[in-house]
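Peer 1: Below you'll find the structure I mean.
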Amino acid sequence: MNVLRTLNLFILVWLLLGAASFASAQSAESFVVSDIVIEGNERIDEGTVLTYLPVRTRDRFDPSRDSSRSLRALYDTGLFDDVLISRRGANTLVVNVTERPSIGSIDIDGNKKIPTDELERSLRDAGIALGRVFNRSVLETVEREVRRVYFSAGNYGMEMSVDVEELPRNRVALDIEITEGAVARIRHINIVGNETYSEETLTSLLRSDEDPFWPLSSRDEYSQVKLEADIEILRSYYQDRGFIRFEVDSTQVSISPDKREIFIVINVREGEKYTIESLNISGDVDVDEEELRALINVNKGDVFSRGNIVQSTSAIQDRLGQDGFAFAEVNVVPNINDDEKTVSLNFAISPGKRVYVRRITFTGQYKTRDEVLRREMRQLEGSRFSPALVNRSRVRLQRLPFMQSVSIDTAVVPESDDQVDLVVSVLEGPSGSFAAGLGYGNDGATVNLSFSQENLFGTGESLQFSFDNSDTTRQLSASFRDPYFTNDGISRTVRAFIRETNTEDASTSTTRFLSSTRGASVNFGIPLSEFSTMRVGGGGERTEVSATSGTPDDINAFIDENGDTYDIFNFTTGFSYDTRNRTVFATKGFVNSISAEVSVPGSDLTYFKLGYRFEFFQPITERYTFSTTVRVDTGSGYGDLDEIPFFKRYFAGGVRTLRGFQTGTLGPRDSRGNASGGDFRTLGTIEVIFPPPFVETPGATRFSLFTDFGNVFEDVDNFDEDEIRGTYGIAFVWLSPVAPLTFSIAYPYNEREGDATEVFQFTIGSVF
């Protein structure tokens, strides 16, 4: 019985082993794939998996060969944590995948010195972004990139941690916590190998500084980008002075153990100074060669200068651009003779085809109408491309008071080598404001209400309304300006005002009287050329004056002779030539303007006033601008009047004329010893303008070191240069959302006994 039971058990085991062997042999057999089933995928499309899978339907699948090949292909994508390949039924291939999680969010905390968007951009460049697959190597990449950004900015003491938090739907959140620490400061800069120029001279050129003058300056903060810029500054300095073989052999940057101090050593090799032996122009161009040679800013025998050569190349390209050769190439090929220390220059010109503008599009405006921008364009659609016209278009758009910045990009039209599109990107600034305020200024207590809209309904038209009330003046005014009253660019400005003046209790030493004036005017601006404008207009006003107990004898006599009510009708004209790059905070260009105001015959008082103004702006560096202003005003009466009416005279002193002296207190004195104004005024200002030291990009604020000079005289014949007053000081202007705010600290020189000086002054309102 036991033997029979043992025999039956043996037969059963044999049958089971045989069945398993048969099944194993069947699964290991190759087969033709009739269908492929993907399982386990959540975010990744089935088509994506099939794309990477090296097996297709109707292929013969050999498990011994194709299984490992398929697994390797899917694992190499980096998308999956696990992959299982099996056979279902006779001919179905089943691919079961386990996806790696994706990055659902990236949160960065603790960063203050480096903006979040800059860190995120660096991570994106390294392949770390939302939706990307997460694996443990991502953490190393994140830490490496964030440290690289901070180290390049000199933050060697920064610390960071990255936490991974699981999110629903197989996602993770990356939480990056940063402790920035202090920026490493430059302790010493050493330049080695210089012989021609002293180390002091060279280090003064650099953006990096071991001992900056301004305590809040960042010049002593180390950054790799700044060091690379400094190396280029040295290279340009030497190569602009003939040292064509100049090289920076190496730079060594060492850091103190506490990671707070940086020591920089720059090894240079000066070489010899080279001169220009000959100049040659090659290439097939339509422009006369002599005209092109006149644009080259170097001559035979001159010391080699890379800067002058670059300027010459740009000038030739601009000249060719005027004829439509937008992509003209000018390659300067130097032939260096090391034995003679000379250089022969060949300006190889390849003009290419003439290029035309196909389309001009505007982006960035959210309020301004398209036609308001388009009418300022000097480069037109369908015309030859001209860099000069494109630049002028940019300047005209930039001069609009409601534009903060303008850039124009050139895009080549696909499949065309002679057409471009212009993409004009604008950033609109605030075009309107409403303000109400109480304050105390140099004119005593003030109340003001103002409304201003420089871009009314996106049309470019401006509407202004203001009410001002101080101890001496109460004024209500409104104006409307249409810059394109006609399609050819004639502007029209309509203005009405009411002004009452009471200087009886004025805090300054000015002539005492009462006046009330109501008037209106209309003016037209007629463009004569791209830079010149003529202005004509007219208006009328009624002025009522009365004396006070402090009114001087000459004004009392004037009132007795001419009465106390005057109807005056004015004709005004003027001419200006303006090349400034901006109307507000200009940094380049000049404006010459003359103006005339004449009260026409038939007015109760007949007089004329003439004015001349010159402003000049020249960049010194990228941040510093030199400016000078000259103003000359004169006038006289005619007919029955020998001088300008006393309430129309010129005054000087104050923020708008001569800082450091009280408003309107300079010049001739009346019988009571108060400033009475004059018929002739001359003023001047010299300034160095710069943004605040702690502001990297100039914006709505600026400082200036200035000297003002000038005075008011009874008339031209009484001008005396010894009576010119002067001040020097520092000013600050902020284009606030309410109105321009101007502050100045000025110290007079050449003042006289009795002058009313005022060191600190401020004003609210336009000073331009």
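Each chain in the structure tokens gets a letter, A, B and so on, in the order shown; residues start at 1 in every chain, and ligands are counted from 1 in the order they appear.
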Residues near A:Asp82, anyone? I mean within 10 Å using only C-alpha atoms, not counting same-chain ones fewer than 6 positions away, as a PyMOL selection string.

Peer 2: chain A and resi 71+74-75+96-100

Peer 1: Would you save the residues of that selection, restricted to all heavy atoms, as a compact mmCIF listing (two decimals), in the first residue's frame?

Peer 2:
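See part.txt below for the written result:
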# COMPACT_ATOMS: atom_id res chain seq x y z
N LEU A 71 13.87 46.49 -22.68
CA LEU A 71 14.04 47.04 -21.33
C LEU A 71 15.08 48.16 -21.32
O LEU A 71 14.89 49.21 -20.71
CB LEU A 71 14.44 45.93 -20.36
CG LEU A 71 13.37 44.89 -20.02
CD1 LEU A 71 13.97 43.76 -19.20
CD2 LEU A 71 12.22 45.54 -19.26
N LEU A 74 13.75 51.45 -22.86
CA LEU A 74 12.80 52.19 -22.03
C LEU A 74 13.47 52.77 -20.80
O LEU A 74 13.15 53.90 -20.38
CB LEU A 74 11.64 51.29 -21.64
CG LEU A 74 10.73 50.85 -22.80
CD1 LEU A 74 9.65 49.89 -22.30
CD2 LEU A 74 10.09 52.05 -23.46
N TYR A 75 14.41 52.04 -20.19
CA TYR A 75 15.13 52.58 -19.03
C TYR A 75 15.99 53.78 -19.42
O TYR A 75 16.15 54.73 -18.66
CB TYR A 75 15.99 51.50 -18.38
CG TYR A 75 15.25 50.63 -17.39
CD1 TYR A 75 15.16 49.25 -17.57
CD2 TYR A 75 14.66 51.20 -16.26
CE1 TYR A 75 14.48 48.45 -16.67
CE2 TYR A 75 13.98 50.41 -15.35
CZ TYR A 75 13.89 49.03 -15.56
OH TYR A 75 13.22 48.26 -14.66
N ASN A 96 4.48 46.75 -18.91
CA ASN A 96 3.99 47.37 -17.69
C ASN A 96 5.08 48.30 -17.14
O ASN A 96 6.20 47.86 -16.88
CB ASN A 96 3.63 46.30 -16.66
CG ASN A 96 2.87 46.89 -15.49
OD1 ASN A 96 3.44 47.57 -14.65
ND2 ASN A 96 1.57 46.59 -15.43
N VAL A 97 4.75 49.61 -16.96
CA VAL A 97 5.75 50.59 -16.55
C VAL A 97 5.34 51.23 -15.23
O VAL A 97 4.15 51.33 -14.91
CB VAL A 97 5.94 51.69 -17.62
CG1 VAL A 97 6.46 51.10 -18.92
CG2 VAL A 97 4.64 52.45 -17.86
N THR A 98 6.34 51.63 -14.48
CA THR A 98 6.15 52.44 -13.28
C THR A 98 6.87 53.76 -13.52
O THR A 98 8.10 53.80 -13.62
CB THR A 98 6.71 51.75 -12.03
OG1 THR A 98 6.07 50.47 -11.87
CG2 THR A 98 6.49 52.60 -10.80
N GLU A 99 6.10 54.84 -13.65
CA GLU A 99 6.67 56.14 -14.01
C GLU A 99 7.43 56.76 -12.84
O GLU A 99 7.07 56.59 -11.68
CB GLU A 99 5.57 57.10 -14.46
CG GLU A 99 4.85 56.68 -15.71
CD GLU A 99 3.70 57.63 -16.03
OE1 GLU A 99 3.42 58.49 -15.18
OE2 GLU A 99 3.11 57.52 -17.12
N ARG A 100 8.47 57.52 -13.20
CA ARG A 100 9.14 58.35 -12.21
C ARG A 100 8.27 59.59 -11.95
O ARG A 100 7.56 60.04 -12.85
CB ARG A 100 10.52 58.77 -12.70
CG ARG A 100 11.53 57.65 -12.60
CD ARG A 100 12.87 58.07 -13.12
NE ARG A 100 13.87 57.04 -12.86
CZ ARG A 100 15.08 57.02 -13.38
NH1 ARG A 100 15.45 57.97 -14.24
NH2 ARG A 100 15.93 56.06 -13.08

Peer 1: Enumerate as a list of chain:residue names all residues of stretch 467-671 of chain A assigned to alpha helix (DSSP H) by DSSP on the backbone, naming them with the chain letters and numbers the document uses.

Peer 2: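 So, restricting stretch 467-671 of chain A to alpha helix (DSSP H), we get A:Asp553, A:Asp554, A:Ile555, A:Asn556, A:Ala557, A:Phe558, A:Ile559, A:Asp560, A:Glu561, A:Asn562.
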
Peer 1: Okay, now the selection with all heavy atoms, as a compact mmCIF listing (two decimals), in the first residue's frame?

Peer 2:
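Result file out.txt:
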# COMPACT_ATOMS: atom_id res chain seq x y z
N ASP A 553 6.58 153.38 -4.69
CA ASP A 553 6.13 154.57 -5.40
C ASP A 553 6.01 154.35 -6.89
O ASP A 553 5.07 154.87 -7.53
CB ASP A 553 7.08 155.74 -5.12
CG ASP A 553 7.10 156.12 -3.64
OD1 ASP A 553 6.11 155.80 -2.96
OD2 ASP A 553 8.10 156.72 -3.20
N ASP A 554 6.94 153.60 -7.51
CA ASP A 554 6.92 153.46 -8.97
C ASP A 554 5.67 152.70 -9.42
O ASP A 554 5.11 152.99 -10.48
CB ASP A 554 8.19 152.79 -9.47
CG ASP A 554 8.43 151.44 -8.81
OD1 ASP A 554 7.91 151.21 -7.70
OD2 ASP A 554 9.15 150.60 -9.40
N ILE A 555 5.21 151.72 -8.66
CA ILE A 555 3.98 151.00 -9.03
C ILE A 555 2.77 151.89 -8.80
O ILE A 555 1.83 151.89 -9.63
CB ILE A 555 3.88 149.68 -8.24
CG1 ILE A 555 5.00 148.72 -8.66
CG2 ILE A 555 2.52 149.04 -8.44
CD1 ILE A 555 4.96 147.38 -7.97
N ASN A 556 2.75 152.65 -7.72
CA ASN A 556 1.65 153.59 -7.50
C ASN A 556 1.56 154.58 -8.65
O ASN A 556 0.46 154.91 -9.14
CB ASN A 556 1.84 154.32 -6.18
CG ASN A 556 1.49 153.45 -4.97
OD1 ASN A 556 0.52 152.69 -5.02
ND2 ASN A 556 2.26 153.56 -3.90
N ALA A 557 2.72 155.06 -9.12
CA ALA A 557 2.73 156.00 -10.24
C ALA A 557 2.23 155.33 -11.52
O ALA A 557 1.52 155.95 -12.33
CB ALA A 557 4.15 156.55 -10.44
N PHE A 558 2.60 154.05 -11.72
CA PHE A 558 2.15 153.31 -12.91
C PHE A 558 0.63 153.18 -12.90
O PHE A 558 -0.03 153.38 -13.94
CB PHE A 558 2.81 151.93 -12.92
CG PHE A 558 2.55 151.14 -14.16
CD1 PHE A 558 3.43 151.15 -15.22
CD2 PHE A 558 1.39 150.37 -14.29
CE1 PHE A 558 3.19 150.42 -16.37
CE2 PHE A 558 1.13 149.64 -15.43
CZ PHE A 558 2.04 149.66 -16.48
N ILE A 559 0.07 152.85 -11.74
CA ILE A 559 -1.38 152.70 -11.64
C ILE A 559 -2.07 154.04 -11.86
O ILE A 559 -3.11 154.13 -12.54
CB ILE A 559 -1.76 152.09 -10.28
CG1 ILE A 559 -1.21 150.66 -10.16
CG2 ILE A 559 -3.28 152.08 -10.08
CD1 ILE A 559 -1.41 150.03 -8.79
N ASP A 560 -1.51 155.10 -11.31
CA ASP A 560 -2.11 156.43 -11.49
C ASP A 560 -2.12 156.83 -12.96
O ASP A 560 -3.08 157.46 -13.44
CB ASP A 560 -1.33 157.46 -10.68
CG ASP A 560 -1.53 157.28 -9.17
OD1 ASP A 560 -2.53 156.62 -8.79
OD2 ASP A 560 -0.68 157.76 -8.40
N GLU A 561 -1.07 156.45 -13.71
CA GLU A 561 -0.94 156.87 -15.10
C GLU A 561 -1.74 155.98 -16.05
O GLU A 561 -2.30 156.47 -17.04
CB GLU A 561 0.53 156.87 -15.51
CG GLU A 561 0.76 157.34 -16.93
CD GLU A 561 2.24 157.39 -17.28
OE1 GLU A 561 3.09 157.19 -16.37
OE2 GLU A 561 2.56 157.61 -18.47
N ASN A 562 -1.80 154.64 -15.77
CA ASN A 562 -2.39 153.70 -16.72
C ASN A 562 -3.68 153.06 -16.23
O ASN A 562 -4.28 152.25 -16.96
CB ASN A 562 -1.38 152.59 -17.05
CG ASN A 562 -0.13 153.12 -17.69
OD1 ASN A 562 -0.10 153.45 -18.87
ND2 ASN A 562 0.96 153.21 -16.89

Peer 1: Give me the residues near stretch 83-86 of chain A as a PyMOL selection string, where near means some atom within 12 Å (using only C-alpha atoms) and where sequence neighbours in that chain fewer than 2 positions away do not count.

Peer 2: chain A and resi 27-28+33+36-41+49+53+55+61-63+66-81+88-100

Peer 1: Store the residues of this selection in a file with N, CA and C atoms, as a CSV table (one decimal), in the first residue's frame.

Peer 2:
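Written output follows (selection-v1.csv):
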chain,number,residue,atom,x,y,z
A,27,SER,N,6.7,30.0,-23.3
A,27,SER,CA,6.9,31.4,-23.2
A,27,SER,C,8.2,31.9,-23.8
A,28,ALA,N,9.2,31.0,-23.8
A,28,ALA,CA,10.5,31.4,-24.4
A,28,ALA,C,10.6,31.3,-25.9
A,33,VAL,N,4.3,39.5,-33.0
A,33,VAL,CA,3.5,40.3,-32.2
A,33,VAL,C,2.2,40.8,-33.0
A,36,ILE,N,0.3,45.3,-29.0
A,36,ILE,CA,1.2,45.7,-27.9
A,36,ILE,C,0.3,46.5,-26.9
A,37,VAL,N,0.3,46.1,-25.6
A,37,VAL,CA,-0.5,46.7,-24.6
A,37,VAL,C,0.4,47.4,-23.6
A,38,ILE,N,0.1,48.7,-23.4
A,38,ILE,CA,0.9,49.5,-22.4
A,38,ILE,C,0.1,49.6,-21.1
A,39,GLU,N,0.6,49.3,-20.0
A,39,GLU,CA,-0.1,49.4,-18.7
A,39,GLU,C,0.8,50.1,-17.7
A,40,GLY,N,0.1,50.8,-16.8
A,40,GLY,CA,0.8,51.5,-15.7
A,40,GLY,C,1.1,52.9,-15.9
A,41,ASN,N,1.0,53.4,-17.1
A,41,ASN,CA,1.3,54.8,-17.4
A,41,ASN,C,0.2,55.7,-17.0
A,49,VAL,N,5.5,55.9,-25.1
A,49,VAL,CA,6.1,54.6,-24.8
A,49,VAL,C,6.4,53.8,-26.1
A,53,LEU,N,9.9,52.1,-27.7
A,53,LEU,CA,9.9,50.7,-27.7
A,53,LEU,C,10.5,50.2,-29.1
A,55,VAL,N,10.1,47.6,-30.7
A,55,VAL,CA,9.3,46.5,-31.2
A,55,VAL,C,8.0,47.0,-31.8
A,61,PHE,N,9.1,38.6,-32.1
A,61,PHE,CA,9.6,38.9,-30.8
A,61,PHE,C,10.3,37.6,-30.3
A,62,ASP,N,11.7,37.7,-30.1
A,62,ASP,CA,12.5,36.7,-29.5
A,62,ASP,C,12.8,37.1,-28.1
A,63,PRO,N,12.2,36.4,-27.1
A,63,PRO,CA,12.4,36.9,-25.7
A,63,PRO,C,13.9,36.9,-25.3
A,66,ASP,N,15.1,40.1,-27.6
A,66,ASP,CA,14.3,41.4,-27.6
A,66,ASP,C,13.9,41.9,-26.3
A,67,SER,N,13.8,41.0,-25.3
A,67,SER,CA,13.4,41.5,-24.0
A,67,SER,C,14.4,42.5,-23.4
A,68,SER,N,15.7,42.1,-23.3
A,68,SER,CA,16.7,43.0,-22.8
A,68,SER,C,16.9,44.2,-23.6
A,69,ARG,N,16.7,44.1,-24.9
A,69,ARG,CA,16.8,45.3,-25.8
A,69,ARG,C,15.7,46.3,-25.5
A,70,SER,N,14.5,45.8,-25.3
A,70,SER,CA,13.4,46.6,-25.0
A,70,SER,C,13.5,47.3,-23.7
A,71,LEU,N,13.9,46.5,-22.7
A,71,LEU,CA,14.0,47.0,-21.3
A,71,LEU,C,15.1,48.2,-21.3
A,72,ARG,N,16.2,47.9,-22.0
A,72,ARG,CA,17.3,48.9,-22.0
A,72,ARG,C,16.8,50.2,-22.7
A,73,ALA,N,16.0,50.1,-23.8
A,73,ALA,CA,15.6,51.3,-24.5
A,73,ALA,C,14.6,52.1,-23.6
A,74,LEU,N,13.7,51.5,-22.9
A,74,LEU,CA,12.8,52.2,-22.0
A,74,LEU,C,13.5,52.8,-20.8
A,75,TYR,N,14.4,52.0,-20.2
A,75,TYR,CA,15.1,52.6,-19.0
A,75,TYR,C,16.0,53.8,-19.4
A,76,ASP,N,16.6,53.7,-20.6
A,76,ASP,CA,17.4,54.8,-21.1
A,76,ASP,C,16.7,56.2,-21.2
A,77,THR,N,15.4,56.1,-21.4
A,77,THR,CA,14.6,57.4,-21.5
A,77,THR,C,14.7,58.2,-20.2
A,78,GLY,N,14.9,57.5,-19.0
A,78,GLY,CA,14.9,58.2,-17.8
A,78,GLY,C,13.5,58.5,-17.2
A,79,LEU,N,12.5,57.9,-17.9
A,79,LEU,CA,11.1,58.2,-17.5
A,79,LEU,C,10.5,57.2,-16.6
A,80,PHE,N,11.2,56.1,-16.4
A,80,PHE,CA,10.5,55.0,-15.6
A,80,PHE,C,11.4,54.5,-14.5
A,81,ASP,N,10.8,54.2,-13.4
A,81,ASP,CA,11.5,53.5,-12.3
A,81,ASP,C,11.6,52.0,-12.5
A,88,ARG,N,1.0,37.9,-23.2
A,88,ARG,CA,-0.4,37.6,-22.8
A,88,ARG,C,-1.0,36.9,-24.0
A,89,GLY,N,-1.6,35.7,-23.7
A,89,GLY,CA,-2.2,34.9,-24.7
A,89,GLY,C,-1.1,34.4,-25.7
A,90,ALA,N,-1.6,34.3,-26.9
A,90,ALA,CA,-0.7,33.7,-27.9
A,90,ALA,C,0.3,34.7,-28.5
A,91,ASN,N,-0.2,36.0,-28.8
A,91,ASN,CA,0.7,36.9,-29.5
A,91,ASN,C,0.6,38.3,-29.0
A,92,THR,N,0.2,38.6,-27.8
A,92,THR,CA,0.1,40.0,-27.3
A,92,THR,C,1.3,40.2,-26.4
A,93,LEU,N,2.0,41.4,-26.7
A,93,LEU,CA,3.1,41.8,-25.8
A,93,LEU,C,2.6,42.8,-24.9
A,94,VAL,N,2.9,42.6,-23.6
A,94,VAL,CA,2.4,43.5,-22.5
A,94,VAL,C,3.6,44.2,-21.9
A,95,VAL,N,3.6,45.6,-21.9
A,95,VAL,CA,4.7,46.4,-21.3
A,95,VAL,C,4.1,47.1,-20.1
A,96,ASN,N,4.5,46.8,-18.9
A,96,ASN,CA,4.0,47.4,-17.7
A,96,ASN,C,5.1,48.3,-17.1
A,97,VAL,N,4.8,49.6,-17.0
A,97,VAL,CA,5.7,50.6,-16.5
A,97,VAL,C,5.3,51.2,-15.2
A,98,THR,N,6.3,51.6,-14.5
A,98,THR,CA,6.2,52.4,-13.3
A,98,THR,C,6.9,53.8,-13.5
A,99,GLU,N,6.1,54.8,-13.6
A,99,GLU,CA,6.7,56.1,-14.0
A,99,GLU,C,7.4,56.8,-12.8
A,100,ARG,N,8.5,57.5,-13.2
A,100,ARG,CA,9.1,58.3,-12.2
A,100,ARG,C,8.3,59.6,-12.0

Peer 1: As number ranges by chain, please: all residues of stretch 121-317 of chain A that backbone DSSP puts in strand (DSSP E or B).

Peer 2: A: 133, 159-167, 171-179, 185-192, 221, 247-255, 261-269, 275-282, 303

Peer 1: Skip stretch 292-309 of chain A itself and residues of its chain fewer than 2 positions away, then list as a compact mmCIF listing (two decimals) with N, CA and C atoms, in the first residue's frame all residues within 12 Å of it, counting only C-alpha atoms.

Peer 2:
# COMPACT_ATOMS: atom_id res chain seq x y z
N ILE A 233 37.90 95.62 -20.28
CA ILE A 233 38.25 97.04 -20.16
C ILE A 233 39.76 97.22 -20.34
N ARG A 235 41.81 95.18 -21.90
CA ARG A 235 42.16 94.86 -23.29
C ARG A 235 41.83 96.04 -24.22
N SER A 236 40.66 96.64 -24.03
CA SER A 236 40.28 97.78 -24.86
C SER A 236 41.20 98.97 -24.62
N TYR A 237 41.56 99.20 -23.36
CA TYR A 237 42.42 100.34 -23.04
C TYR A 237 43.76 100.23 -23.75
N TYR A 238 44.36 99.06 -23.71
CA TYR A 238 45.66 98.88 -24.35
C TYR A 238 45.53 98.88 -25.87
N GLN A 239 44.55 98.16 -26.41
CA GLN A 239 44.44 98.07 -27.86
C GLN A 239 43.97 99.38 -28.49
N ASP A 240 43.35 100.25 -27.71
CA ASP A 240 43.03 101.58 -28.21
C ASP A 240 44.25 102.49 -28.24
N ARG A 241 45.36 102.05 -27.67
CA ARG A 241 46.58 102.85 -27.61
C ARG A 241 47.75 102.18 -28.30
N GLY A 242 47.43 101.30 -29.25
CA GLY A 242 48.45 100.74 -30.11
C GLY A 242 48.96 99.37 -29.74
N PHE A 243 48.60 98.84 -28.59
CA PHE A 243 49.15 97.56 -28.14
C PHE A 243 48.28 96.42 -28.67
N ILE A 244 48.43 96.15 -29.96
CA ILE A 244 47.57 95.18 -30.63
C ILE A 244 47.82 93.76 -30.14
N ARG A 245 49.02 93.48 -29.63
CA ARG A 245 49.38 92.14 -29.15
C ARG A 245 49.12 91.98 -27.65
N PHE A 246 48.45 92.93 -27.03
CA PHE A 246 48.19 92.85 -25.60
C PHE A 246 47.39 91.60 -25.26
N GLU A 272 54.29 95.46 -27.82
CA GLU A 272 54.81 96.72 -28.34
C GLU A 272 53.68 97.55 -28.93
N LYS A 273 53.94 98.85 -29.09
CA LYS A 273 52.97 99.76 -29.68
C LYS A 273 53.12 99.76 -31.20
N TYR A 274 51.99 99.61 -31.90
CA TYR A 274 51.99 99.52 -33.37
C TYR A 274 51.31 100.76 -33.96
N THR A 275 51.73 101.11 -35.18
CA THR A 275 51.14 102.23 -35.90
C THR A 275 50.53 101.73 -37.21
N ILE A 276 49.66 102.56 -37.81
CA ILE A 276 48.99 102.21 -39.07
C ILE A 276 49.93 102.50 -40.24
N GLU A 277 50.17 101.48 -41.04
CA GLU A 277 51.04 101.66 -42.21
C GLU A 277 50.23 102.02 -43.45
N SER A 278 49.06 101.39 -43.66
CA SER A 278 48.26 101.68 -44.84
C SER A 278 46.81 101.29 -44.59
N LEU A 279 45.91 101.89 -45.40
CA LEU A 279 44.48 101.60 -45.33
C LEU A 279 44.00 101.23 -46.72
N ASN A 280 43.14 100.22 -46.79
CA ASN A 280 42.62 99.79 -48.07
C ASN A 280 41.15 99.42 -47.91
N ILE A 281 40.36 99.70 -48.94
CA ILE A 281 38.94 99.34 -48.96
C ILE A 281 38.71 98.41 -50.13
N SER A 282 38.09 97.26 -49.87
CA SER A 282 37.80 96.29 -50.92
C SER A 282 36.34 95.91 -50.86
N GLY A 283 35.81 95.48 -51.99
CA GLY A 283 34.40 95.09 -52.06
C GLY A 283 33.67 95.90 -53.11
N VAL A 285 30.80 98.04 -53.95
CA VAL A 285 29.76 98.86 -53.35
C VAL A 285 29.45 100.03 -54.28
N ASP A 286 28.20 100.56 -54.14
CA ASP A 286 27.77 101.67 -54.99
C ASP A 286 28.25 103.02 -54.47
N VAL A 287 28.68 103.08 -53.22
CA VAL A 287 29.10 104.34 -52.63
C VAL A 287 30.52 104.66 -53.06
N ASP A 288 30.77 105.94 -53.34
CA ASP A 288 32.09 106.37 -53.77
C ASP A 288 33.12 106.06 -52.69
N GLU A 289 34.28 105.57 -53.11
CA GLU A 289 35.31 105.16 -52.15
C GLU A 289 35.79 106.32 -51.30
N GLU A 290 35.87 107.51 -51.88
CA GLU A 290 36.33 108.67 -51.13
C GLU A 290 35.35 109.00 -50.00
N GLN A 311 34.49 102.18 -34.52
CA GLN A 311 33.65 103.32 -34.89
C GLN A 311 33.60 103.48 -36.41
N SER A 312 34.73 103.28 -37.07
CA SER A 312 34.78 103.41 -38.53
C SER A 312 33.92 102.34 -39.19
N THR A 313 33.99 101.13 -38.68
CA THR A 313 33.18 100.04 -39.22
C THR A 313 31.70 100.34 -39.08
N SER A 314 31.29 100.83 -37.90
CA SER A 314 29.89 101.17 -37.68
C SER A 314 29.45 102.30 -38.60
N ALA A 315 30.32 103.29 -38.80
CA ALA A 315 29.97 104.42 -39.67
C ALA A 315 29.75 103.95 -41.10
N ILE A 316 30.59 103.04 -41.58
CA ILE A 316 30.43 102.52 -42.95
C ILE A 316 29.14 101.71 -43.05
N GLN A 317 28.86 100.89 -42.05
CA GLN A 317 27.62 100.11 -42.07
C GLN A 317 26.39 101.02 -42.05
N ASP A 318 26.45 102.08 -41.25
CA ASP A 318 25.32 103.02 -41.20
C ASP A 318 25.15 103.71 -42.55
N ARG A 319 26.26 104.07 -43.19
CA ARG A 319 26.15 104.72 -44.50
C ARG A 319 25.55 103.78 -45.53
N LEU A 320 25.97 102.54 -45.53
CA LEU A 320 25.40 101.57 -46.46
C LEU A 320 23.94 101.29 -46.12
N VAL A 330 31.18 94.55 -42.77
CA VAL A 330 32.47 95.21 -42.93
C VAL A 330 33.45 94.50 -42.02
N ASN A 331 34.34 93.74 -42.62
CA ASN A 331 35.34 93.00 -41.86
C ASN A 331 36.70 93.68 -42.04
N VAL A 332 37.30 94.03 -40.93
CA VAL A 332 38.62 94.66 -40.97
C VAL A 332 39.67 93.57 -40.79
N VAL A 333 40.49 93.40 -41.84
CA VAL A 333 41.53 92.38 -41.83
C VAL A 333 42.87 93.06 -41.59
N PRO A 334 43.48 92.86 -40.41
CA PRO A 334 44.78 93.49 -40.15
C PRO A 334 45.94 92.62 -40.64
N ILE A 336 49.67 92.34 -39.78
CA ILE A 336 50.58 92.83 -38.75
C ILE A 336 52.02 92.53 -39.15
N LYS A 341 56.68 96.85 -36.50
CA LYS A 341 55.65 97.29 -35.55
C LYS A 341 54.60 98.17 -36.23
N THR A 342 54.12 97.66 -37.37
CA THR A 342 53.10 98.38 -38.14
C THR A 342 51.95 97.43 -38.46
N VAL A 343 50.81 98.03 -38.82
CA VAL A 343 49.61 97.27 -39.17
C VAL A 343 49.02 97.87 -40.44
N SER A 344 48.74 97.01 -41.41
CA SER A 344 48.01 97.42 -42.61
C SER A 344 46.57 96.93 -42.47
N LEU A 345 45.62 97.83 -42.71
CA LEU A 345 44.22 97.51 -42.51
C LEU A 345 43.49 97.43 -43.84
N ASN A 346 42.72 96.37 -44.01
CA ASN A 346 41.88 96.22 -45.20
C ASN A 346 40.43 96.14 -44.74
N PHE A 347 39.62 97.13 -45.16
CA PHE A 347 38.20 97.13 -44.84
C PHE A 347 37.48 96.39 -45.96
N ALA A 348 37.19 95.11 -45.71
CA ALA A 348 36.52 94.27 -46.71
C ALA A 348 35.02 94.42 -46.54
N ILE A 349 34.36 94.98 -47.58
CA ILE A 349 32.94 95.30 -47.50
C ILE A 349 32.15 94.34 -48.37

Peer 1: In Å, rounded to a single decimal, give me how far atom CA of A:Asn135 is from atom CA of A:Pro101.

Peer 2: 7.7 Å

Peer 1: Leaving out A:Arg169 and any residue of its chain fewer than 4 positions from it, which residues lie within 10 Å of it when counting only C-alpha atoms, given as a ChimeraX atom specification?

Peer 2: /A:42-43,101-102,104

Peer 1: Looking at A:Ile255, A:Ile594, A:Ala153, A:Val248, which one is nearest to A:Ser223, with distances taken over only C-alpha atoms?

Peer 2: A:Ala153

Peer 1: Just checking: using only C-alpha atoms, which residue out of A:Ser34, A:Thr473, A:Ser416, A:Thr657 ends up closest to A:Arg56?

Peer 2: A:Ser34

Peer 1: Need to verify the contact set: A:Phe325, 7 Å, only C-alpha atoms, exclusion of same-chain residues closer than 5 positions in sequence. Can you return it as an MDAnalysis selection string?

Peer 2: chainID A and resid 320 351:355

Peer 1: Counting only C-alpha atoms, what is within 10 Å of stretch 677-685 of chain A, bar same-chain residues fewer than 5 positions away, as a ChimeraX atom specification?

Peer 2: /A:510-511,609-615,627-637,643-652,657-659,664-670,706-719,724-728
